[in-house]
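Shown next: model15.cif, given as mmCIF, C-alpha atoms.
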```
data_upload
loop_
_atom_site.label_atom_id
_atom_site.label_comp_id
_atom_site.auth_asym_id
_atom_site.auth_seq_id
_atom_site.Cartn_x
_atom_site.Cartn_y
_atom_site.Cartn_z
CA MET A 236 31.78 9.68 -8.62
CA ALA A 237 29.13 8.46 -6.19
CA ASP A 238 26.23 6.46 -7.59
CA ALA A 239 23.10 8.62 -7.21
CA LEU A 240 20.93 5.48 -7.20
CA HIS A 241 22.77 4.04 -4.20
CA THR A 242 20.88 5.68 -1.35
CA VAL A 243 20.15 5.20 2.32
CA LEU A 244 17.15 3.13 1.21
CA THR A 245 19.19 0.62 -0.80
CA GLU A 246 21.86 0.49 1.88
CA ARG A 247 19.54 -0.11 4.82
CA LEU A 248 16.97 -2.31 3.09
CA GLY A 249 19.53 -4.33 1.16
CA CYS A 250 17.95 -3.88 -2.28
CA LYS A 251 19.56 -2.98 -5.60
CA ALA A 252 17.20 -0.19 -6.64
CA PRO A 253 15.76 2.65 -4.50
CA ILE A 254 12.25 1.40 -5.25
CA ILE A 255 9.65 0.00 -2.84
CA GLN A 256 6.75 -2.19 -3.96
CA THR A 257 3.93 -1.14 -1.67
CA ALA A 258 1.75 -3.43 0.43
CA MET A 259 -1.55 -3.37 -1.44
CA GLY A 260 -4.20 -5.57 0.17
CA TRP A 261 -5.01 -8.70 -1.88
CA VAL A 262 -2.32 -7.68 -4.40
CA ALA A 263 0.96 -7.72 -2.48
CA GLU A 264 0.89 -11.50 -2.28
CA PRO A 265 3.96 -13.79 -2.30
CA SER A 266 4.19 -13.91 -6.11
CA LEU A 267 4.51 -10.13 -6.35
CA VAL A 268 6.83 -9.78 -3.35
CA ILE A 269 9.10 -12.49 -4.76
CA GLY A 270 9.04 -10.92 -8.22
CA SER A 271 9.78 -7.37 -7.05
CA SER A 272 12.45 -8.43 -4.55
CA ASN A 273 14.26 -10.68 -7.04
CA ALA A 274 14.12 -7.80 -9.54
CA GLY A 275 16.07 -5.58 -7.16
CA ALA A 276 13.27 -3.56 -5.57
CA PHE A 277 12.10 -3.98 -1.96
CA GLY A 278 8.80 -5.82 -1.73
CA PHE A 279 6.24 -5.57 1.07
CA LEU A 280 3.83 -8.41 1.84
CA GLY A 281 0.29 -7.08 2.37
CA ALA A 282 -0.55 -8.84 5.65
CA ALA A 283 -3.06 -6.21 6.77
CA VAL A 284 -5.84 -8.30 5.17
CA MET A 285 -4.49 -11.66 6.38
CA THR A 286 -5.17 -13.84 9.40
CA PRO A 287 -2.12 -14.89 11.42
CA ASP A 288 -2.24 -18.37 9.84
CA GLU A 289 -2.37 -16.86 6.34
CA CYS A 290 0.47 -14.52 7.22
CA ARG A 291 2.63 -17.40 8.47
CA GLU A 292 2.00 -19.40 5.31
CA LYS A 293 2.71 -16.46 3.01
CA ILE A 294 5.88 -15.34 4.78
CA LEU A 295 7.16 -18.88 4.32
CA ALA A 296 6.11 -18.78 0.65
CA VAL A 297 8.11 -15.59 0.12
CA ARG A 298 11.11 -17.10 1.85
CA ARG A 299 10.92 -20.14 -0.40
CA GLY A 300 10.82 -17.90 -3.48
CA THR A 301 13.61 -15.44 -2.70
CA ASP A 302 16.65 -15.06 -0.49
CA ARG A 303 16.33 -11.26 -0.74
CA PRO A 304 15.17 -9.20 2.25
CA PHE A 305 11.51 -8.12 2.22
CA GLY A 306 8.98 -6.32 4.38
CA VAL A 307 5.60 -6.99 5.96
CA ASN A 308 2.71 -4.54 6.27
CA PHE A 309 0.08 -4.82 9.02
CA HIS A 310 -2.40 -2.78 11.05
CA SER A 311 -2.15 -2.69 14.84
CA PHE A 312 -5.96 -2.92 15.07
CA GLN A 313 -6.49 -5.94 12.81
CA PRO A 314 -7.59 -9.30 14.29
CA GLY A 315 -4.56 -11.26 15.43
CA ALA A 316 -2.17 -8.30 15.17
CA ASP A 317 -0.10 -9.47 18.16
CA LYS A 318 0.45 -12.87 16.56
CA ILE A 319 1.46 -11.24 13.27
CA VAL A 320 3.99 -9.10 15.13
CA ASP A 321 5.41 -12.28 16.69
CA LEU A 322 5.66 -13.85 13.22
CA ILE A 323 7.52 -10.83 11.89
CA LEU A 324 9.96 -10.93 14.79
CA ALA A 325 10.47 -14.68 14.36
CA ASN A 326 11.51 -14.05 10.73
CA ARG A 327 13.81 -11.13 11.49
CA ASP A 328 16.66 -12.76 9.60
CA GLN A 329 14.91 -11.94 6.29
CA VAL A 330 12.08 -9.54 7.16
CA ARG A 331 14.02 -6.29 7.06
CA ALA A 332 11.16 -3.79 7.53
CA VAL A 333 7.55 -3.27 8.57
CA SER A 334 5.13 -0.73 7.16
CA PHE A 335 1.82 0.53 8.46
CA GLY A 336 -0.61 3.41 8.17
CA ARG A 337 -2.24 4.01 11.51
CA GLY A 338 0.55 2.27 13.29
CA PRO A 339 1.70 0.75 16.55
CA ASN A 340 2.80 2.61 19.65
CA ALA A 341 6.34 3.49 20.71
CA LYS A 342 6.69 0.25 22.70
CA MET A 343 5.91 -1.94 19.68
CA ILE A 344 8.14 0.17 17.44
CA GLY A 345 10.88 -0.34 20.02
CA ARG A 346 10.44 -4.13 19.77
CA PHE A 347 10.99 -3.97 16.02
CA LYS A 348 14.01 -1.70 16.37
CA ASP A 349 15.56 -3.98 19.01
CA ALA A 350 15.18 -6.85 16.53
CA GLY A 351 16.90 -4.85 13.77
CA ILE A 352 13.66 -4.42 11.79
CA LEU A 353 13.14 -0.99 10.23
CA CYS A 354 9.81 0.81 10.73
CA ILE A 355 8.64 2.67 7.61
CA PRO A 356 5.09 4.01 8.03
CA THR A 357 3.13 5.62 5.21
CA VAL A 358 1.90 9.13 5.99
CA GLY A 359 -0.18 11.66 4.11
CA ALA A 360 0.38 14.81 6.17
CA VAL A 361 3.30 16.66 7.74
CA LYS A 362 1.91 16.30 11.28
CA HIS A 363 1.58 12.54 10.85
CA ALA A 364 5.19 12.29 9.69
CA GLN A 365 6.32 14.28 12.72
CA LYS A 366 4.28 12.08 15.06
CA MET A 367 5.75 8.89 13.61
CA VAL A 368 9.28 10.27 14.01
CA GLU A 369 8.50 11.12 17.64
CA LEU A 370 7.50 7.48 18.15
CA GLY A 371 10.87 6.34 16.87
CA VAL A 372 10.39 5.17 13.26
CA ASP A 373 13.40 4.82 10.96
CA MET A 374 11.98 6.30 7.73
CA VAL A 375 8.66 7.66 6.49
CA SER A 376 6.98 7.04 3.14
CA VAL A 377 5.10 10.17 2.09
CA GLN A 378 2.04 9.61 -0.11
CA GLY A 379 0.79 12.65 -1.95
CA GLY A 380 -2.72 13.14 -3.25
CA GLU A 381 -1.95 11.34 -6.52
CA GLY A 382 -1.78 8.04 -4.63
CA GLY A 383 -4.39 5.29 -4.85
CA GLY A 384 -6.98 4.30 -2.29
CA HIS A 385 -7.31 6.62 0.70
CA THR A 386 -5.68 9.86 -0.33
CA GLY A 387 -5.26 13.47 0.66
CA SER A 388 -5.57 16.68 -1.30
CA VAL A 389 -1.92 17.82 -1.22
CA PRO A 390 0.08 16.81 -4.33
CA THR A 391 3.30 14.88 -3.86
CA THR A 392 5.31 17.78 -5.30
CA VAL A 393 4.09 19.99 -2.43
CA LEU A 394 3.85 17.47 0.42
CA LEU A 395 7.24 15.83 -0.17
CA PRO A 396 9.37 18.96 0.37
CA GLN A 397 7.19 19.93 3.33
CA VAL A 398 7.92 16.63 5.05
CA LEU A 399 11.60 16.71 4.07
CA ASP A 400 11.88 20.08 5.82
CA ALA A 401 9.97 18.88 8.89
CA VAL A 402 11.66 15.58 9.85
CA ASN A 403 15.22 14.33 10.28
CA VAL A 404 14.77 10.76 9.03
CA PRO A 405 15.05 9.45 5.44
CA VAL A 406 11.92 10.07 3.37
CA VAL A 407 10.49 7.88 0.59
CA ALA A 408 8.26 9.51 -2.04
CA SER A 409 4.96 7.90 -3.03
CA GLY A 410 2.03 8.92 -5.20
CA GLY A 411 2.44 9.44 -8.95
CA PHE A 412 5.58 7.40 -9.65
CA ALA A 413 5.98 4.82 -12.41
CA ASP A 414 9.26 5.40 -14.26
CA GLY A 415 12.87 6.55 -14.12
CA ARG A 416 12.00 10.20 -14.65
CA GLY A 417 9.89 10.14 -11.52
CA LEU A 418 12.63 8.43 -9.55
CA VAL A 419 15.17 11.10 -10.49
CA ALA A 420 12.64 13.83 -9.65
CA ALA A 421 12.05 12.33 -6.19
CA LEU A 422 15.79 12.02 -5.55
CA SER A 423 16.29 15.63 -6.62
CA TYR A 424 13.82 16.75 -3.95
CA GLY A 425 15.86 14.90 -1.35
CA ALA A 426 13.93 11.63 -1.06
CA VAL A 427 15.91 8.39 -0.75
CA GLY A 428 13.70 6.50 -3.19
CA VAL A 429 10.16 5.98 -4.43
CA ALA A 430 7.32 3.64 -3.46
CA MET A 431 4.98 2.39 -6.19
CA GLY A 432 1.70 0.52 -5.90
CA THR A 433 -0.32 0.78 -9.11
CA ARG A 434 2.77 0.29 -11.29
CA PHE A 435 3.58 -3.02 -9.54
CA LEU A 436 -0.08 -4.05 -9.57
CA LEU A 437 0.19 -4.00 -13.35
CA THR A 438 3.04 -6.51 -13.67
CA ARG A 439 2.95 -10.14 -14.69
CA GLU A 440 3.76 -11.36 -11.19
CA SER A 441 0.82 -9.46 -9.74
CA PRO A 442 -1.92 -11.94 -8.74
CA VAL A 443 -4.70 -9.65 -10.01
CA PRO A 444 -6.80 -11.54 -12.61
CA ASP A 445 -6.24 -10.65 -16.26
CA SER A 446 -9.83 -9.38 -16.53
CA ALA A 447 -9.17 -6.80 -13.81
CA LYS A 448 -5.77 -5.87 -15.23
CA ALA A 449 -7.44 -5.22 -18.59
CA GLU A 450 -9.89 -2.88 -16.88
CA TYR A 451 -7.01 -1.04 -15.23
CA LEU A 452 -5.25 -0.63 -18.58
CA LYS A 453 -8.40 0.84 -20.13
CA ALA A 454 -8.71 3.52 -17.46
CA THR A 455 -7.46 6.87 -18.66
CA THR A 456 -6.77 9.68 -16.21
CA ASP A 457 -10.23 11.15 -16.76
CA LYS A 458 -11.74 7.81 -15.65
CA ILE A 459 -9.99 7.92 -12.26
CA ILE A 460 -12.02 9.68 -9.59
CA VAL A 461 -11.89 10.56 -5.92
CA THR A 462 -14.98 9.46 -4.01
CA THR A 463 -16.17 9.81 -0.42
CA LYS A 464 -19.13 7.46 -0.88
CA LEU A 465 -17.27 4.29 0.09
CA ASP A 466 -16.43 5.16 3.69
CA GLY A 467 -16.77 8.91 4.03
CA ILE A 468 -13.05 9.52 3.44
CA PRO A 469 -11.65 10.53 0.04
CA GLN A 470 -10.45 7.54 -1.97
CA ARG A 471 -9.06 7.36 -5.50
CA MET A 472 -10.76 4.71 -7.62
CA ILE A 473 -11.33 3.72 -11.23
CA ARG A 474 -14.72 4.87 -12.42
CA THR A 475 -16.80 1.77 -13.18
CA ARG A 476 -20.53 1.04 -13.42
CA LEU A 477 -20.50 -0.03 -9.76
CA MET A 478 -18.73 3.16 -8.71
CA ASP A 479 -21.31 5.20 -10.61
CA ARG A 480 -24.09 3.37 -8.75
CA ILE A 481 -22.34 3.93 -5.42
CA GLU A 482 -21.93 7.62 -6.20
CA ARG A 483 -25.69 7.85 -6.81
CA SER A 484 -26.68 5.78 -3.76
CA GLY A 485 -28.36 7.27 -0.74
CA SER A 486 -27.94 6.67 2.98
CA LEU A 487 -29.97 3.43 3.04
CA GLY A 488 -27.91 1.89 0.25
CA MET A 489 -24.71 2.70 2.14
CA TRP A 490 -26.01 1.05 5.31
CA LEU A 491 -27.01 -2.09 3.39
CA ARG A 492 -23.54 -2.34 1.82
CA ALA A 493 -21.92 -1.89 5.22
CA PHE A 494 -23.94 -4.68 6.86
CA GLU A 495 -23.50 -7.05 3.90
CA ALA A 496 -19.73 -6.54 3.98
CA GLY A 497 -19.71 -6.91 7.76
CA ALA A 498 -21.49 -10.25 7.56
CA ALA A 499 -19.08 -11.42 4.85
CA MET A 500 -16.06 -10.37 6.89
CA LYS A 501 -17.43 -12.12 9.98
CA ARG A 502 -17.79 -15.35 8.00
CA GLN A 503 -14.27 -15.03 6.66
CA THR A 504 -12.44 -14.07 9.85
CA GLY A 505 -14.69 -15.42 12.62
CA ALA A 506 -14.51 -12.03 14.34
CA SER A 507 -17.40 -10.79 16.47
CA TRP A 508 -19.53 -7.81 15.50
CA LEU A 509 -17.87 -5.86 18.33
CA HIS A 510 -14.41 -6.60 16.98
CA PHE A 511 -15.60 -5.84 13.47
CA ILE A 512 -16.89 -2.40 14.48
CA LYS A 513 -13.71 -1.70 16.47
CA ALA A 514 -11.58 -2.61 13.48
CA ALA A 515 -13.81 -0.56 11.19
CA ARG A 516 -13.27 2.50 13.35
CA GLY A 517 -9.54 1.91 13.24
CA MET A 518 -9.57 1.65 9.47
CA THR A 519 -10.89 5.19 9.14
CA GLY A 520 -7.72 6.58 10.70
CA HIS A 521 -9.57 9.67 11.94
CA GLY A 522 -10.47 8.80 15.51
CA ASP A 523 -14.11 8.80 16.57
CA VAL A 524 -16.46 8.70 13.61
CA PRO A 525 -20.17 8.00 13.17
CA LEU A 526 -21.03 4.29 13.29
CA LYS A 527 -22.26 4.29 9.69
CA GLN A 528 -18.95 5.66 8.46
CA ALA A 529 -17.03 3.12 10.52
CA MET A 530 -19.15 0.30 9.11
CA MET A 531 -18.71 1.62 5.59
CA ALA A 532 -14.93 1.57 6.07
CA ALA A 533 -15.08 -2.17 6.61
CA THR A 534 -16.74 -2.75 3.25
CA MET A 535 -13.51 -1.87 1.48
CA PRO A 536 -11.59 -5.14 1.85
CA MET A 537 -14.55 -7.14 0.59
CA LEU A 538 -15.30 -4.84 -2.35
CA ILE A 539 -11.63 -4.72 -3.37
CA GLN A 540 -11.35 -8.49 -2.99
CA LYS A 541 -14.18 -9.04 -5.45
CA ALA A 542 -12.33 -7.14 -8.15
CA VAL A 543 -8.65 -7.91 -7.58
CA VAL A 544 -9.03 -11.49 -6.30
CA ASP A 545 -12.19 -12.78 -7.96
CA GLY A 546 -11.98 -10.62 -11.09
CA ASP A 547 -15.61 -9.60 -10.50
CA ILE A 548 -15.53 -6.06 -11.91
CA GLU A 549 -19.32 -5.71 -11.79
CA ASN A 550 -19.45 -6.12 -8.00
CA GLY A 551 -16.03 -4.90 -6.90
CA VAL A 552 -14.05 -1.67 -6.78
CA MET A 553 -10.53 -0.94 -8.00
CA ALA A 554 -8.25 1.43 -6.14
CA THR A 555 -5.62 3.14 -8.26
CA GLY A 556 -3.19 5.98 -8.25
CA VAL A 557 -3.81 8.64 -10.87
CA VAL A 558 -0.61 7.45 -12.55
CA GLY A 559 -2.57 4.37 -13.59
CA GLY A 560 -4.13 6.50 -16.31
CA ARG A 561 -0.88 6.48 -18.28
CA ILE A 562 0.16 2.85 -17.79
CA ALA A 563 -0.36 0.90 -20.99
CA GLU A 564 1.45 -2.43 -20.63
CA ILE A 565 2.19 -5.25 -18.20
CA PRO A 566 5.90 -6.08 -17.90
CA THR A 567 7.58 -8.52 -15.55
CA CYS A 568 8.93 -7.02 -12.35
CA ALA A 569 12.48 -7.50 -13.66
CA GLU A 570 11.66 -5.70 -16.90
CA LEU A 571 10.02 -2.86 -14.97
CA VAL A 572 12.83 -2.34 -12.46
CA ASP A 573 15.57 -2.64 -15.10
CA ARG A 574 13.77 -0.11 -17.29
CA ILE A 575 13.29 2.35 -14.42
CA ILE A 576 16.97 2.16 -13.52
CA ALA A 577 18.01 2.61 -17.17
CA GLU A 578 15.69 5.59 -17.58
CA ALA A 579 16.93 7.13 -14.35
CA ARG A 580 20.57 6.77 -15.37
CA ALA A 581 19.81 8.29 -18.77
CA ARG A 582 18.12 11.28 -17.15
CA LEU A 583 20.98 11.75 -14.69
CA ALA A 584 23.49 11.59 -17.55
CA ALA A 585 21.51 14.16 -19.55
CA LEU A 586 21.40 16.51 -16.57
CA CYS A 587 25.15 16.20 -16.02
CA ALA A 588 25.83 16.72 -19.73
CA GLY A 589 23.62 19.80 -19.80
#
```

Please re-express this file's structure in C-alpha cells.
Amino acid sequence: MADALHTVLTERLGCKAPIIQTAMGWVAEPSLVIGSSNAGAFGFLGAAVMTPDECREKILAVRRGTDRPFGVNFHSFQPGADKIVDLILANRDQVRAVSFGRGPNAKMIGRFKDAGILCIPTVGAVKHAQKMVELGVDMVSVQGGEGGGHTGSVPTTVLLPQVLDAVNVPVVASGGFADGRGLVAALSYGAVGVAMGTRFLLTRESPVPDSAKAEYLKATTDKIIVTTKLDGIPQRMIRTRLMDRIERSGSLGMWLRAFEAGAAMKRQTGASWLHFIKAARGMTGHGDVPLKQAMMAATMPMLIQKAVVDGDIENGVMATGVVGGRIAEIPTCAELVDRIIAEARARLAALCAG
C-alpha cells in the first residue's frame, strides 16, 4: 500500500515529511531552518528582510548546520534582490526551492528552473495562483484567511479547493495548520502537504526571545485580531497594548510611525528615501497605493523586529495565525515533526479501519 505521507512535495523537495516551515521575517533564521530541515520538514530561510551580505552569511550558516536541502525566500523589490538571486543560484546544490509573495517575472523564474530550483510562491487568491502558474512556477502555497500577517478573508477550507480546481500544479495548504489532523485534512482535499509558520515560530530552535514566546502562548483565539491600521491592508496580529494604541490612532499618528520606521530602515540598510518608498509600495502587493499607505507598509519590518528580535513587546507587534490561539507548548522541531507524523498516521489508520 502506498504511503499517503510520501507526496510530490517530499519527493521533489527531498524532505521526509510533507511539511514546510515558512519564511517568516526575523524568525526563519539559520537556527530554525536547520532545526526544521534536520527534523524532516523543509525549511525556508527568511531572506526577504536581509541584505545580500547577511543572506550570504546565513545561507552558509544553514549549510554548516545541515546537509538537508532547504529553501530561500526573497522579494524581487527588496534592496539587493539581484545579488540575492545570484547567491541562491550559486548554492543550487543545496538550495532546492525559492518562495516569494509578490514575485519575480517569468525570466527570473526561468533562471531558477534552469538551475533545478523549484519556485513555490505563496498566494492568497485564485487569480494570483493562476497568474503564478502562467509565469511558470512549480507549485503554489495557498494561504487562507486563518494565516498570520497579511491575510485575506477566504478561509483555507474554501480557498484550497478553489485553487486545486483552478491550477494544474501541486498545491501546498497554509493557514490554520499545526498538527497531524490538519495534515491529513489538507491531503484529503488534494494538497501535497502543509506549510506552517506560527507553529514553527513556537519551537525551541526559533530565535524569538522567550519573553515574546511567552506572550504568544498567552494569546487565546479571542486575543488575535485582524487590523488594517498598520499599512491599510488586513493583517492578523496578537492584540497587545501597542496594537490597541495603534487601533485608536489617527492619521497623524500613522504618518509619524511611517516616517520613524523609514528613518530606522534607512539607517539599517543605507537605502535612499526613493528606494525606501519604492520598496514600500512593493510591499503592499496591491499596485499603486496612496503614499501614506506605502510608507505605513514599510513600518512592518521594524515593528516586528522589535518584538521577535529584541523581545520588546511594548514597542513591537506580533504577527500570528489564528491557530496560535490553541498552541500551548514549545517543543523542539524534531518533537513537533515526529508528533505530527504520528498523529497523521493514527488518523489515517482510524479512517481506514472505519

Closest of A:Gln470, A:Leu370, A:Ile323, A:Gly359 to Lys342 of chain A - atom-to-atom distances counting only C-alpha atoms: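 Closest to Lys342 of chain A, using only C-alpha atoms: A:Leu370.
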
Minimum-distance residue to Glu381 of chain A, chosen among A:Met367, A:Ala542, A:Leu422, A:Ala413 (using only C-alpha atoms):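 Of A:Met367, A:Ala542, A:Leu422, A:Ala413, the one nearest Glu381 of chain A is A:Ala413, counting only C-alpha atoms.
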
May I have the residues within 7 Å of segment 472-474 of chain A as a PDB file with C-alpha atoms, in the coordinates of the input, using all atoms listed in the file and disregarding those fewer than 2 positions away in the same chain?
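As a result, out11.pdb now contains:
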```pdb
ATOM      1  CA  GLY A 383      -4.390   5.290  -4.850  1.00  0.00           C
ATOM      2  CA  GLY A 384      -6.980   4.300  -2.290  1.00  0.00           C
ATOM      3  CA  ALA A 454      -8.710   3.520 -17.460  1.00  0.00           C
ATOM      4  CA  LYS A 458     -11.740   7.810 -15.650  1.00  0.00           C
ATOM      5  CA  ILE A 459      -9.990   7.920 -12.260  1.00  0.00           C
ATOM      6  CA  ILE A 460     -12.020   9.680  -9.590  1.00  0.00           C
ATOM      7  CA  VAL A 461     -11.890  10.560  -5.920  1.00  0.00           C
ATOM      8  CA  GLN A 470     -10.450   7.540  -1.970  1.00  0.00           C
ATOM      9  CA  MET A 478     -18.730   3.160  -8.710  1.00  0.00           C
ATOM     10  CA  ASP A 479     -21.310   5.200 -10.610  1.00  0.00           C
ATOM     11  CA  MET A 553     -10.530  -0.940  -8.000  1.00  0.00           C
ATOM     12  CA  ALA A 554      -8.250   1.430  -6.140  1.00  0.00           C
ATOM     13  CA  THR A 555      -5.620   3.140  -8.260  1.00  0.00           C
TER      14      THR A 555
END
```

Selection under test: the PyMOL selection byres ((chain A and resi 401) around 9); residues as an MDAnalysis selection string: chainID A and resid 361:362 364:365 396:400 402:403

Atom-to-atom span, atom CA of Gln256 of chain A and atom CA of Thr475 of chain A, Å: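 Going from atom CA of Gln256 of chain A over to atom CA of Thr475 of chain A, I get 25.6 Å.
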
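If you look at atom CA of Thr463 of chain A and atom CA of Arg480 of chain A, they are 13.2 Å away from each other.
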
Selected residue, from A:Ile352, A:Leu267, A:Met374, A:Ala341, that lies nearest to Val404 of chain A when counting all atoms listed in the file: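 Using all atoms listed in the file, Val404 of chain A sits closest to A:Met374.
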
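Under the PyMOL selection byres ((chain A and resi 346) around 12), the matching residues in the shown file are Asp317, Val320, Asp321, Ile323, Leu324, Ala325, Arg327, Val333, Pro339, Asn340, Ala341, Lys342, Met343, Ile344, Gly345, Phe347, Lys348, Asp349, Ala350, Gly351, Ile352, Leu353, Cys354, Gly371 and Val372 of chain A.
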
Coordinates-based distance that separates atom CA of Val307 of chain A from atom CA of Thr286 of chain A (Å, one decimal):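 Computing the Euclidean distance for atom CA of Thr286 of chain A and atom CA of Val307 of chain A yields 13.2 Å.
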
Point (11.7, 2.0, -1.1), cut-off 9 Å, counting all atoms listed in the file, residues as number ranges by chain: A: 244-245, 248, 250, 252-257, 276-278, 376, 407-408, 427-431

Pick from A:Ile481, A:Leu322, A:Ala360, A:Ala237, whichever lies nearest to Gly380 of chain A using all atoms listed in the file: A:Ala360

Best match for closeness to Trp261 of chain A among A:Gly249, A:Gly336, A:Pro442, A:Gly379, counting all atoms listed in the file: A:Pro442

All residues 10 Å or closer to segment 561-577 of chain A, all atoms listed in the file, same chain fewer than 2 positions away omitted, as a PyMOL selection string: chain A and resi 240+251-254+256+267-276+413-419+433-441+448-449+451-456+557-559+579-583

Go ahead and write the selection's residues with C-alpha atoms as a compact mmCIF listing (two decimals), keeping the file's coordinate frame.
```
# COMPACT_ATOMS: atom_id res chain seq x y z
CA LEU A 240 20.93 5.48 -7.20
CA LYS A 251 19.56 -2.98 -5.60
CA ALA A 252 17.20 -0.19 -6.64
CA PRO A 253 15.76 2.65 -4.50
CA ILE A 254 12.25 1.40 -5.25
CA GLN A 256 6.75 -2.19 -3.96
CA LEU A 267 4.51 -10.13 -6.35
CA VAL A 268 6.83 -9.78 -3.35
CA ILE A 269 9.10 -12.49 -4.76
CA GLY A 270 9.04 -10.92 -8.22
CA SER A 271 9.78 -7.37 -7.05
CA SER A 272 12.45 -8.43 -4.55
CA ASN A 273 14.26 -10.68 -7.04
CA ALA A 274 14.12 -7.80 -9.54
CA GLY A 275 16.07 -5.58 -7.16
CA ALA A 276 13.27 -3.56 -5.57
CA ALA A 413 5.98 4.82 -12.41
CA ASP A 414 9.26 5.40 -14.26
CA GLY A 415 12.87 6.55 -14.12
CA ARG A 416 12.00 10.20 -14.65
CA GLY A 417 9.89 10.14 -11.52
CA LEU A 418 12.63 8.43 -9.55
CA VAL A 419 15.17 11.10 -10.49
CA THR A 433 -0.32 0.78 -9.11
CA ARG A 434 2.77 0.29 -11.29
CA PHE A 435 3.58 -3.02 -9.54
CA LEU A 436 -0.08 -4.05 -9.57
CA LEU A 437 0.19 -4.00 -13.35
CA THR A 438 3.04 -6.51 -13.67
CA ARG A 439 2.95 -10.14 -14.69
CA GLU A 440 3.76 -11.36 -11.19
CA SER A 441 0.82 -9.46 -9.74
CA LYS A 448 -5.77 -5.87 -15.23
CA ALA A 449 -7.44 -5.22 -18.59
CA TYR A 451 -7.01 -1.04 -15.23
CA LEU A 452 -5.25 -0.63 -18.58
CA LYS A 453 -8.40 0.84 -20.13
CA ALA A 454 -8.71 3.52 -17.46
CA THR A 455 -7.46 6.87 -18.66
CA THR A 456 -6.77 9.68 -16.21
CA VAL A 557 -3.81 8.64 -10.87
CA VAL A 558 -0.61 7.45 -12.55
CA GLY A 559 -2.57 4.37 -13.59
CA ALA A 579 16.93 7.13 -14.35
CA ARG A 580 20.57 6.77 -15.37
CA ALA A 581 19.81 8.29 -18.77
CA ARG A 582 18.12 11.28 -17.15
CA LEU A 583 20.98 11.75 -14.69
```
